[in-house]
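Working notes, beginning with the structure itself.
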Amino acid sequence: MDANVLHSLATLIRSNRLAALGTLRDGSPFVSMVVYAISDDLTSFYLHLSRLAVHTRDIIADPRLSLLINETDRGESDPQTLARVSIQGDAATVSKTDSDYEAIKNLYLKKFPDAEMRFSLGDFDLYRIEPKSARYVGGFAQAFNLTIENFREAGKV
């Protein structure tokens, strides 16, 4: 993968705040909208979710999930050429006793300062998703299968 593709991938991930979250609900797909923060090296995605939410209950029952981050459709061109990355991984709770909890919380709050109040609510937890596999489409005829190492390389761009 060349530097231009890695730069485009990093820009797509870093410039967005929203992702479609796919979970398994009773063996069937369920998709919802979430906001995410990302580690500097692009190898970990962080969600701050309420245990009252359907998607969180799904994650607790089965941590396998998918995140889809896509370029915003501004209605100016063929939407099939919009950049997007679909990430597959498992969600793991970041415990308040984990050594990196405060750093992750601060990273999240830097991106979403309005979320501060939700950290004081008892039903919210931080979740870490590390990509196991992914598919990046950068436009027409620009599709790539990604590994965690590709994310790490993009994080350096």
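Residue numbering restarts at 1 for every chain of the structure tokens, chains are lettered A, B, ... in their displayed order, and ligands are numbered from 1 as they appear.
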
Need the shell around range 154-157 of chain A: protein/DNA/RNA residues with any atom at most 6 Å away, counting only C-alpha atoms. Skip same-chain ones fewer than 6 positions apart. Format as a PDB file with C-alpha atoms, in the first residue's frame?
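See result_1.pdb below for the written result:
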ATOM      1  CA  LEU A   6      -2.222   5.328   3.813  1.00  0.00           C
ATOM      2  CA  HIS A   7      -2.618   9.109   4.071  1.00  0.00           C
ATOM      3  CA  ALA A  10      -5.645   8.126   8.095  1.00  0.00           C
ATOM      4  CA  ASP A  41      -1.352   5.049  15.922  1.00  0.00           C
ATOM      5  CA  LEU A  42      -4.841   4.151  14.568  1.00  0.00           C
TER       6      LEU A  42
END

**Message:** Give me the residues near Gln142 in chain A as an MDAnalysis selection string, where near means some atom within 10 Å (using only C-alpha atoms) and where sequence neighbours in that chain fewer than 6 positions away do not count.
**Reply:** chainID A and resid 5 81 83 136

**Asked** Which distance in Å separates CA of Ile60 in chain A and CA of Ser32 in chain A, to one decimal?
**Response**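 Computing it gives 15.4 Å between the two atoms.
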
**Message:** If you run DSSP on the backbone here, which positions in chain A get strand (DSSP E)? Please write them as a ChimeraX atom specification.
**Reply:** /A:18-25,28-35,37-38,45-50,64-70,84-94,124-137,143-146

**Message:** One decimal, in Å: what's the spacing between CA of Arg64 in chain A and CA of Leu49 in chain A?
**Reply:**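 Going from CA of Arg64 in chain A over to CA of Leu49 in chain A, I get 15.4 Å.
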
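Computed from the coordinates, the CA of Ser95 in chain A to CA of Pro29 in chain A distance equals 26.9 Å.
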
**Request:** Identify, with DSSP run on backbone atoms, the residues in range 52-82 of chain A assigned to helix (DSSP H, G or I), and express the list as a list in words.
**Result:** Val54, His55, Thr56, Arg57, Asp58, Ile59, Ile60, Ala61, Pro79, Gln80 and Thr81 of chain A

**Request:** Using only C-alpha atoms, pick whichever of A:Arg152, A:Asn4, A:Ser86, A:His48 has the shortest atom-to-atom distance to Glu116 in chain A.
**Result:**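 The closest residue to Glu116 in chain A is A:His48.
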
**Best match for closeness to Ile59 in chain A among A:Asn106, A:Asn145, A:Thr93, A:Asn16, counting only C-alpha atoms** =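 That would be A:Thr93, the residue with the smallest distance to Ile59 in chain A.
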
**Request:** Return the single residue from A:Ser50, A:Ser66, A:Val85, A:Leu24 that is closest to Phe144 in chain A, with distances computed using only C-alpha atoms.
**Result:**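 Looking only at the distances to Phe144 in chain A, the closest residue turns out to be A:Val85.
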